[in-house]
Amino acid sequence: MKILVLNCGSSSLKYQLIDMDNESVMAKGLCERIGIEGSKLTHKANGKELVVEEPMPKHTEAIALVMKALVDPEYGVIKDTSEISAVGHRVLHGGIKFTESIKVNKDVKATIRECFALGPLHNPANLMGIEACEETMPGVPNVAVFDTTFGMSMPEKAYLYAIPHEYYEKYSIRRYGFHGTSHMFVSGEAIKFAGLDPEKGRVIVCHLGNGASISASIGGKCVDTSMGLTPLEGLIMGTRSGDLDPAILQFICNKEGKDVNEMLNILNKKSGILGMSGGVSSDFRDVEKAAEQGNHLAEVALEAFVYRVAKYIGAYTAAMNGVDAIAFTAGVGENDKIRRKAICDYLGYLGVEIDDEANDCRGQLRMISTENSKVKVMILPTNEELAIARETLRLVQ
Ligand code: AMP
């Protein structure tokens, strides 16, 4: 069975066609600048690349071009689009109504629309992608896989904020958590790779990329996660502040005559390691280079990033009364041996022991703890597209 996986942004569309018989990627690509001048499709299959520069006023035209590329005699991988059995869509926010992935119908679309306020940048684009597929591929089932459903298994003590309860009742304000498909995939694979009890295995997943989050799960079910109502909470990220005293907002607003929207923009786009390093970069490699050249603020930003991750690991170990495995994933988690080692250096009290030789690698599924380590520590490359395709298959079979 062939499944198309779509991740639609407001002006972009990423796709992969996955053959679920062997879970291999047949083709993948990206449509950029949808709705603006200079639209471009880059399609990759069989080691070849096709670039199409054609107007894409809406996602419908982008999907039509993707279909054309998939059946192209030279760059295509299927003879007819009828070979696509289903489409899996990444949808950012499912609110409190969706506790699982779901086959799309009228009601599901209405609820995705109701969640626009919770995911204002992503949900409208995700819905456009679904409607474009319905138009371009009538009769082919669409499945919505939400970034938030992994967090729906959290207990109330973890997801409720200590604010007046009426705000949860009126506006569904709670911790949702994001990167859910990644945490679901990695925690499930970590249980298998480490040979843990599928029901009781306690896993901490460190998804450390430009956006960063951490989760605690037992038997693959989330018990806590660091992102909150929005992806702003938790770890220090490329440009996001993560946790901070909310009174800082009021203080800076008053001092600098800013409003809360401007402050949120600063906290989302100008903070994190970019802000802490004094503006060096949001990219860990640049900040590392600056630190090596003696930039003190760059050094502190990296130390603070590592320190925050280590603190969360301590908290989540307490939440689960122990931890069996820790998995590192995403850009920094998979590639940055220095940050992995620095985080694990805080975890001696848990009996964590890292094998420096095993840790000296990038982007490979690998155990990096020693035989004697009391906690299994691994690099586990995330694969959100495959997670979405597996969910889609489960729901359409
Ligand atoms: P992601 O958002 O998952 O794509 O991760 C992007 C982040 O991963 C960027 O900050 C990169 O600097 C970081 N990254 C990628 N490769 C490396 C590497 N070899 N060493 C350190 N950081 C890396």
# chains A, B, ... in the order shown; residues from 1 in each chain; ligands from 1
>>> closest_atom_pairs(of="chain A", to="ligand 1", cutoff="9 Å", atoms="only C-alpha atoms and all ligand atoms", output="CSV")
residue,atom,partner,partner_atom_place_in_ligand_line,distance
A:His207,CA,ligand 1,3 (O),7.8
A:Leu208,CA,ligand 1,3 (O),6.5
A:Gly209,CA,ligand 1,5 (O),3.5
A:Asn210,CA,ligand 1,2 (O),3.8
A:Gly211,CA,ligand 1,2 (O),5.7
A:Ala212,CA,ligand 1,2 (O),7.8
A:Met237,CA,ligand 1,10 (O),8.6
A:Gly238,CA,ligand 1,10 (O),6.2
A:Ser281,CA,ligand 1,10 (O),8.8
A:Ser282,CA,ligand 1,10 (O),6.2
A:Asp283,CA,ligand 1,10 (O),3.6
A:Phe284,CA,ligand 1,12 (O),3.8
A:Arg285,CA,ligand 1,12 (O),4.4
A:Asp286,CA,ligand 1,12 (O),7.0
A:Val287,CA,ligand 1,12 (O),8.3
A:Glu288,CA,ligand 1,21 (C),7.8
A:Thr329,CA,ligand 1,3 (O),7.8
A:Ala330,CA,ligand 1,3 (O),4.0
A:Gly331,CA,ligand 1,5 (O),3.3
A:Val332,CA,ligand 1,8 (O),4.2
A:Gly333,CA,ligand 1,8 (O),7.6
A:Glu334,CA,ligand 1,16 (N),7.6
A:Asn335,CA,ligand 1,19 (N),4.5
A:Asp336,CA,ligand 1,20 (N),4.1
A:Lys337,CA,ligand 1,20 (N),7.3
A:Ile338,CA,ligand 1,21 (C),8.1
A:Arg339,CA,ligand 1,21 (C),8.0
A:Arg362,CA,ligand 1,19 (N),6.9
A:Gly363,CA,ligand 1,16 (N),8.8
A:Thr382,CA,ligand 1,3 (O),9.0
>>> write_last_selection(atoms="N, CA and C atoms", output="short mmCIF file (atom, residue, chain, number, x, y, z; two decimals), in the first residue's frame")
data_model
loop_
_atom_site.label_atom_id
_atom_site.label_comp_id
_atom_site.auth_asym_id
_atom_site.auth_seq_id
_atom_site.Cartn_x
_atom_site.Cartn_y
_atom_site.Cartn_z
N HIS A 207 14.01 15.58 22.15
CA HIS A 207 13.92 16.03 20.76
C HIS A 207 14.60 17.40 20.70
N LEU A 208 15.87 17.40 20.31
CA LEU A 208 16.65 18.63 20.37
C LEU A 208 16.99 19.10 18.96
N GLY A 209 16.20 20.03 18.48
CA GLY A 209 16.47 20.61 17.16
C GLY A 209 16.39 22.11 17.31
N ASN A 210 16.07 22.78 16.24
CA ASN A 210 15.86 24.22 16.34
C ASN A 210 14.70 24.50 17.29
N GLY A 211 13.64 23.71 17.14
CA GLY A 211 12.61 23.62 18.19
C GLY A 211 13.01 22.45 19.07
N ALA A 212 12.86 22.57 20.38
CA ALA A 212 13.32 21.47 21.23
C ALA A 212 12.26 21.17 22.29
N MET A 237 15.52 26.96 23.11
CA MET A 237 15.53 26.49 21.72
C MET A 237 16.37 27.43 20.86
N GLY A 238 16.34 27.21 19.56
CA GLY A 238 17.11 28.06 18.65
C GLY A 238 16.75 29.53 18.85
N SER A 281 23.65 33.53 16.58
CA SER A 281 22.90 32.71 15.63
C SER A 281 21.91 31.84 16.38
N SER A 282 20.91 31.31 15.64
CA SER A 282 20.01 30.32 16.24
C SER A 282 20.52 28.92 15.92
N ASP A 283 21.56 28.85 15.10
CA ASP A 283 22.09 27.55 14.67
C ASP A 283 23.21 27.12 15.62
N PHE A 284 23.06 25.90 16.16
CA PHE A 284 24.01 25.43 17.16
C PHE A 284 25.45 25.41 16.64
N ARG A 285 25.62 25.11 15.35
CA ARG A 285 26.98 25.02 14.81
C ARG A 285 27.66 26.39 14.84
N ASP A 286 26.90 27.44 14.50
CA ASP A 286 27.47 28.80 14.53
C ASP A 286 27.81 29.21 15.95
N VAL A 287 26.91 28.88 16.88
CA VAL A 287 27.12 29.29 18.27
C VAL A 287 28.33 28.55 18.83
N GLU A 288 28.47 27.30 18.44
CA GLU A 288 29.62 26.51 18.90
C GLU A 288 30.94 27.12 18.39
N THR A 329 17.20 12.72 19.85
CA THR A 329 16.76 12.78 18.45
C THR A 329 16.74 14.23 17.95
N ALA A 330 16.48 14.40 16.65
CA ALA A 330 16.45 15.69 15.92
C ALA A 330 17.86 16.25 15.72
N GLY A 331 17.94 17.39 15.04
CA GLY A 331 19.23 17.93 14.55
C GLY A 331 20.37 17.89 15.55
N VAL A 332 20.16 18.46 16.72
CA VAL A 332 21.22 18.50 17.74
C VAL A 332 21.34 17.13 18.41
N GLY A 333 20.22 16.55 18.77
CA GLY A 333 20.22 15.26 19.46
C GLY A 333 20.89 14.16 18.66
N GLU A 334 20.68 14.18 17.34
CA GLU A 334 21.24 13.11 16.51
C GLU A 334 22.69 13.38 16.11
N ASN A 335 23.04 14.67 16.02
CA ASN A 335 24.34 15.00 15.41
C ASN A 335 25.40 15.57 16.34
N ASP A 336 25.00 16.06 17.49
CA ASP A 336 25.93 16.85 18.29
C ASP A 336 26.45 16.04 19.50
N LYS A 337 27.60 15.39 19.29
CA LYS A 337 28.12 14.50 20.34
C LYS A 337 28.55 15.29 21.58
N ILE A 338 28.95 16.54 21.39
CA ILE A 338 29.40 17.34 22.55
C ILE A 338 28.23 17.64 23.47
N ARG A 339 27.09 18.05 22.88
CA ARG A 339 25.92 18.36 23.70
C ARG A 339 25.39 17.08 24.36
N ARG A 362 27.13 10.40 14.09
CA ARG A 362 26.04 11.33 13.73
C ARG A 362 24.91 10.60 13.03
N GLY A 363 23.71 10.91 13.49
CA GLY A 363 22.51 10.50 12.76
C GLY A 363 22.29 9.01 12.59
N THR A 382 14.71 10.51 14.44
CA THR A 382 13.25 10.59 14.36
C THR A 382 12.80 10.42 12.92
#
>>> residues_around(residues="Lys40 of chain A", least_positions_apart="3", cutoff="10 Å", atoms="only C-alpha atoms", output="PyMOL selection string")
chain A and resi 12+30-34+37+43+51-56+62+65
>>> write_last_selection(atoms="N, CA, C and O atoms", output="mmCIF file, in the first residue's frame")
data_model
loop_
_atom_site.group_PDB
_atom_site.id
_atom_site.type_symbol
_atom_site.label_atom_id
_atom_site.label_comp_id
_atom_site.auth_asym_id
_atom_site.auth_seq_id
_atom_site.Cartn_x
_atom_site.Cartn_y
_atom_site.Cartn_z
ATOM 1 N N SER A 12 4.061 26.579 2.196
ATOM 2 C CA SER A 12 4.910 25.451 1.788
ATOM 3 C C SER A 12 4.148 24.139 1.931
ATOM 4 O O SER A 12 3.114 24.069 2.599
ATOM 5 N N LEU A 30 9.297 19.152 -1.963
ATOM 6 C CA LEU A 30 8.888 20.361 -1.264
ATOM 7 C C LEU A 30 8.347 21.378 -2.264
ATOM 8 O O LEU A 30 8.969 21.624 -3.304
ATOM 9 N N CYS A 31 7.161 21.932 -1.972
ATOM 10 C CA CYS A 31 6.651 23.081 -2.734
ATOM 11 C C CYS A 31 6.883 24.312 -1.865
ATOM 12 O O CYS A 31 6.487 24.320 -0.696
ATOM 13 N N GLU A 32 7.513 25.306 -2.433
ATOM 14 C CA GLU A 32 7.800 26.535 -1.679
ATOM 15 C C GLU A 32 7.084 27.711 -2.306
ATOM 16 O O GLU A 32 6.752 27.691 -3.476
ATOM 17 N N ARG A 33 6.897 28.750 -1.514
ATOM 18 C CA ARG A 33 6.323 30.010 -1.975
ATOM 19 C C ARG A 33 4.934 29.836 -2.602
ATOM 20 O O ARG A 33 4.613 30.446 -3.611
ATOM 21 N N ILE A 34 4.110 28.974 -1.964
ATOM 22 C CA ILE A 34 2.723 28.825 -2.419
ATOM 23 C C ILE A 34 2.000 30.137 -2.099
ATOM 24 O O ILE A 34 2.131 30.663 -0.989
ATOM 25 N N GLU A 37 4.815 35.034 -5.324
ATOM 26 C CA GLU A 37 5.545 34.948 -6.595
ATOM 27 C C GLU A 37 6.773 34.043 -6.448
ATOM 28 O O GLU A 37 7.391 33.998 -5.381
ATOM 29 N N HIS A 43 11.361 17.994 -6.484
ATOM 30 C CA HIS A 43 10.908 16.609 -6.314
ATOM 31 C C HIS A 43 12.115 15.683 -6.450
ATOM 32 O O HIS A 43 12.905 15.812 -7.378
ATOM 33 N N VAL A 51 13.012 20.033 -10.777
ATOM 34 C CA VAL A 51 12.593 21.331 -10.238
ATOM 35 C C VAL A 51 11.568 21.937 -11.194
ATOM 36 O O VAL A 51 11.815 22.016 -12.396
ATOM 37 N N VAL A 52 10.404 22.288 -10.665
ATOM 38 C CA VAL A 52 9.345 22.883 -11.487
ATOM 39 C C VAL A 52 9.044 24.272 -10.946
ATOM 40 O O VAL A 52 8.728 24.416 -9.765
ATOM 41 N N GLU A 53 9.170 25.277 -11.806
ATOM 42 C CA GLU A 53 8.838 26.634 -11.369
ATOM 43 C C GLU A 53 7.578 27.071 -12.087
ATOM 44 O O GLU A 53 7.619 27.424 -13.261
ATOM 45 N N GLU A 54 6.458 26.932 -11.398
ATOM 46 C CA GLU A 54 5.146 27.264 -11.977
ATOM 47 C C GLU A 54 4.318 27.944 -10.906
ATOM 48 O O GLU A 54 4.486 27.640 -9.721
ATOM 49 N N PRO A 55 3.403 28.820 -11.313
ATOM 50 C CA PRO A 55 2.591 29.484 -10.286
ATOM 51 C C PRO A 55 1.773 28.486 -9.462
ATOM 52 O O PRO A 55 1.233 27.522 -10.006
ATOM 53 N N MET A 56 1.750 28.669 -8.149
ATOM 54 C CA MET A 56 0.910 27.845 -7.255
ATOM 55 C C MET A 56 0.131 28.812 -6.370
ATOM 56 O O MET A 56 0.514 29.086 -5.232
ATOM 57 N N ALA A 62 -0.527 23.251 -5.902
ATOM 58 C CA ALA A 62 0.708 22.586 -5.457
ATOM 59 C C ALA A 62 0.519 21.064 -5.452
ATOM 60 O O ALA A 62 1.357 20.323 -5.973
ATOM 61 N N LEU A 65 0.580 19.664 -8.895
ATOM 62 C CA LEU A 65 1.945 19.540 -9.432
ATOM 63 C C LEU A 65 2.685 18.353 -8.814
ATOM 64 O O LEU A 65 3.459 17.672 -9.488
#
>>> select_by_dssp(residues="segment 180-241 of chain A", states="helix (DSSP H, G or I)", output="PyMOL selection string")
chain A and resi 180-194
>>> closest_atom_pairs(of="segment 313-368 of chain A", to="segment 142-160 of chain A", cutoff="12 Å", atoms="only C-alpha atoms", output="CSV")
residue,atom,partner,partner_atom,distance
A:Ala315,CA,A:Ala158,CA,11.9
A:Tyr316,CA,A:Ala158,CA,10.9
A:Ala319,CA,A:Ala158,CA,9.4
A:Met320,CA,A:Ala158,CA,12.0
>>> atom_distance(atom1="atom CA of Met137 of chain A", atom2="atom CA of Pro120 of chain A")
26.3 Å
>>> closest_residue(among="A:Ile173, A:Ala69, A:Leu13, A:Ile163", to="His122 of chain A", atoms="only C-alpha atoms")
A:Leu13
